[in-house]
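J.: Sharing a structure, written as structure tokens. Questions coming.
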Amino acid sequence: GIDPKLADSIGRAFDDWLYGFCRFDPDRLRGVGHVSPHDMDLAVAQTRRCVEELGFVGVFLRSQIANGRNWYDAFCERLGIPICFHGAANPPGTSEIAKVGSHFEGLMLTNTVAHSMPAMLATIAFTAGGILERFPKLRVAFLEGNCSWVPWLFWRLDEKYEWLGGVD
């Protein structure tokens, strides 16, 4: 996997660039900061920096599970902003199941699954994993993953919950 400090530095560099870009027209341009989930302490600090110092209106993370920690195992502190998730084919440090693009060759096949399947995995963690139950005021967005899979996924989650129960 990727070194957590390097991942945090990449996110900070992007956020610094975005802050400068948004300063051209702050009435119209609102930043959504990039936060690396590879170290929770660094993620919380960067989230605070994005909101409190840079004035961003939200943060985004990759949908994939990072370094074997699922979203319901640990979660950064809420600041009253939406947390947005954006999928990608094979980010470093993600679990094998989350590397959906690694099963295919070619951009078309990889890109077909690169956004929607990681969003599905994160949606499962947030709903069935109890994150939204524990944090009822949390706002979450899953971006660029389409939404035609949502009815099927929630039907499937309901079916499995009735049969097997929740996460213990």
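Residues are referred to by chain and number: the chain letter is A, B, ... according to the order shown in the structure tokens, the number counts from 1 in that chain, and ligands are numbered separately from 1 in the order shown.
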Could you give me, as a PDB file with C-alpha atoms, in the first residue's frame, the residues within 9 Å of Leu42 (chain A), counting only C-alpha atoms and dropping anything in the same chain fewer than 6 positions from it?

T.:
ATOM      1  CA  PRO A   4      -0.055   7.176   4.793  1.00  0.00           C
ATOM      2  CA  LYS A   5       2.051  10.331   5.146  1.00  0.00           C
ATOM      3  CA  ASP A   8      -1.844  12.762   3.132  1.00  0.00           C
ATOM      4  CA  VAL A  35      -8.752  13.574   2.276  1.00  0.00           C
ATOM      5  CA  SER A  36      -6.685  10.398   2.384  1.00  0.00           C
TER       6      SER A  36
END

J.: For CA of Pro26 (chain A) and CA of Asp41 (chain A), quote the distance in Å rounded to one decimal.

T.: 29.1 Å

J.: What's the 10 Å shell around Cys147 (chain A), counting only C-alpha atoms, without same-chain residues fewer than 3 positions away, as a VMD selection string?

T.: chain A and resid 116 119 to 120 142 to 144 150 to 152

J.: Those residues with C-alpha atoms, as a PDB file, in the first residue's frame please?

T.:
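See again38.pdb below for the written result:
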ATOM      1  CA  SER A 116     -20.134   2.169  -9.417  1.00  0.00           C
ATOM      2  CA  ALA A 119     -19.640   3.156  -4.461  1.00  0.00           C
ATOM      3  CA  MET A 120     -21.677   0.008  -3.824  1.00  0.00           C
ATOM      4  CA  PHE A 142     -21.454   8.886  -3.751  1.00  0.00           C
ATOM      5  CA  LEU A 143     -20.272  10.579  -6.933  1.00  0.00           C
ATOM      6  CA  GLU A 144     -19.887   9.427 -10.533  1.00  0.00           C
ATOM      7  CA  VAL A 150     -29.329   1.617  -5.887  1.00  0.00           C
ATOM      8  CA  PRO A 151     -32.789  -0.054  -5.926  1.00  0.00           C
ATOM      9  CA  TRP A 152     -31.251  -3.493  -6.501  1.00  0.00           C
TER      10      TRP A 152
END

J.: Could you tell me which of A:Arg156, A:Arg28, A:Leu107, A:Arg12 comes closest to Ala43 (chain A) if we count only C-alpha atoms?

T.: A:Arg12

J.: For the atom pair CA of Asp158 (chain A) and CA of His115 (chain A), what is the interatomic distance in Å to one decimal place?

T.: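 Atom-to-atom, CA of Asp158 (chain A) to CA of His115 (chain A), that is 23.0 Å.
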
J.: Which residues are close to Leu29 (chain A), i.e. within 12 Å by only C-alpha atoms, leaving aside same-chain residues fewer than 6 positions away? Reply as a list in words.

T.: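 Selected residues are Leu18, Tyr19, Gly20, Phe21, Cys22, Arg23, Gly55, Phe56 and Val57 of chain A.
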
J.: What would the file look like if the residues just selected were written as a JSON list (two decimals), in the first residue's frame with N, CA, C and O atoms?

T.:
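Dumped everything to out_8.json:
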[["chain", "number", "residue", "atom", "x", "y", "z"],
["A", 18, "LEU", "N", -6.43, 23.67, -4.97],
["A", 18, "LEU", "CA", -7.85, 23.97, -5.09],
["A", 18, "LEU", "C", -8.21, 25.25, -4.37],
["A", 18, "LEU", "O", -9.00, 26.06, -4.86],
["A", 19, "TYR", "N", -7.63, 25.48, -3.22],
["A", 19, "TYR", "CA", -7.85, 26.73, -2.47],
["A", 19, "TYR", "C", -7.46, 27.93, -3.33],
["A", 19, "TYR", "O", -8.21, 28.90, -3.44],
["A", 20, "GLY", "N", -6.29, 27.85, -3.94],
["A", 20, "GLY", "CA", -5.84, 28.94, -4.82],
["A", 20, "GLY", "C", -6.76, 29.12, -6.01],
["A", 20, "GLY", "O", -7.07, 30.25, -6.40],
["A", 21, "PHE", "N", -7.23, 28.02, -6.59],
["A", 21, "PHE", "CA", -8.13, 28.09, -7.73],
["A", 21, "PHE", "C", -9.45, 28.75, -7.34],
["A", 21, "PHE", "O", -9.97, 29.61, -8.07],
["A", 22, "CYS", "N", -10.00, 28.37, -6.21],
["A", 22, "CYS", "CA", -11.30, 28.91, -5.77],
["A", 22, "CYS", "C", -11.21, 30.39, -5.41],
["A", 22, "CYS", "O", -12.22, 31.09, -5.44],
["A", 23, "ARG", "N", -10.04, 30.87, -5.09],
["A", 23, "ARG", "CA", -9.87, 32.29, -4.72],
["A", 23, "ARG", "C", -10.12, 33.23, -5.90],
["A", 23, "ARG", "O", -10.35, 34.41, -5.70],
["A", 55, "GLY", "N", -11.85, 26.91, 4.23],
["A", 55, "GLY", "CA", -13.22, 27.30, 3.97],
["A", 55, "GLY", "C", -13.97, 26.40, 3.01],
["A", 55, "GLY", "O", -14.97, 26.82, 2.41],
["A", 56, "PHE", "N", -13.54, 25.15, 2.86],
["A", 56, "PHE", "CA", -14.21, 24.23, 1.95],
["A", 56, "PHE", "C", -15.56, 23.82, 2.52],
["A", 56, "PHE", "O", -15.78, 23.82, 3.72],
["A", 57, "VAL", "N", -16.46, 23.42, 1.63],
["A", 57, "VAL", "CA", -17.82, 23.07, 2.02],
["A", 57, "VAL", "C", -18.02, 21.57, 2.17],
["A", 57, "VAL", "O", -19.12, 21.12, 2.48]]

J.: One decimal, Å: what's the distance from CA of Leu157 (chain A) over to CA of Ala125 (chain A), could you say?

T.: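 Between these atoms lies a distance of 10.8 Å.
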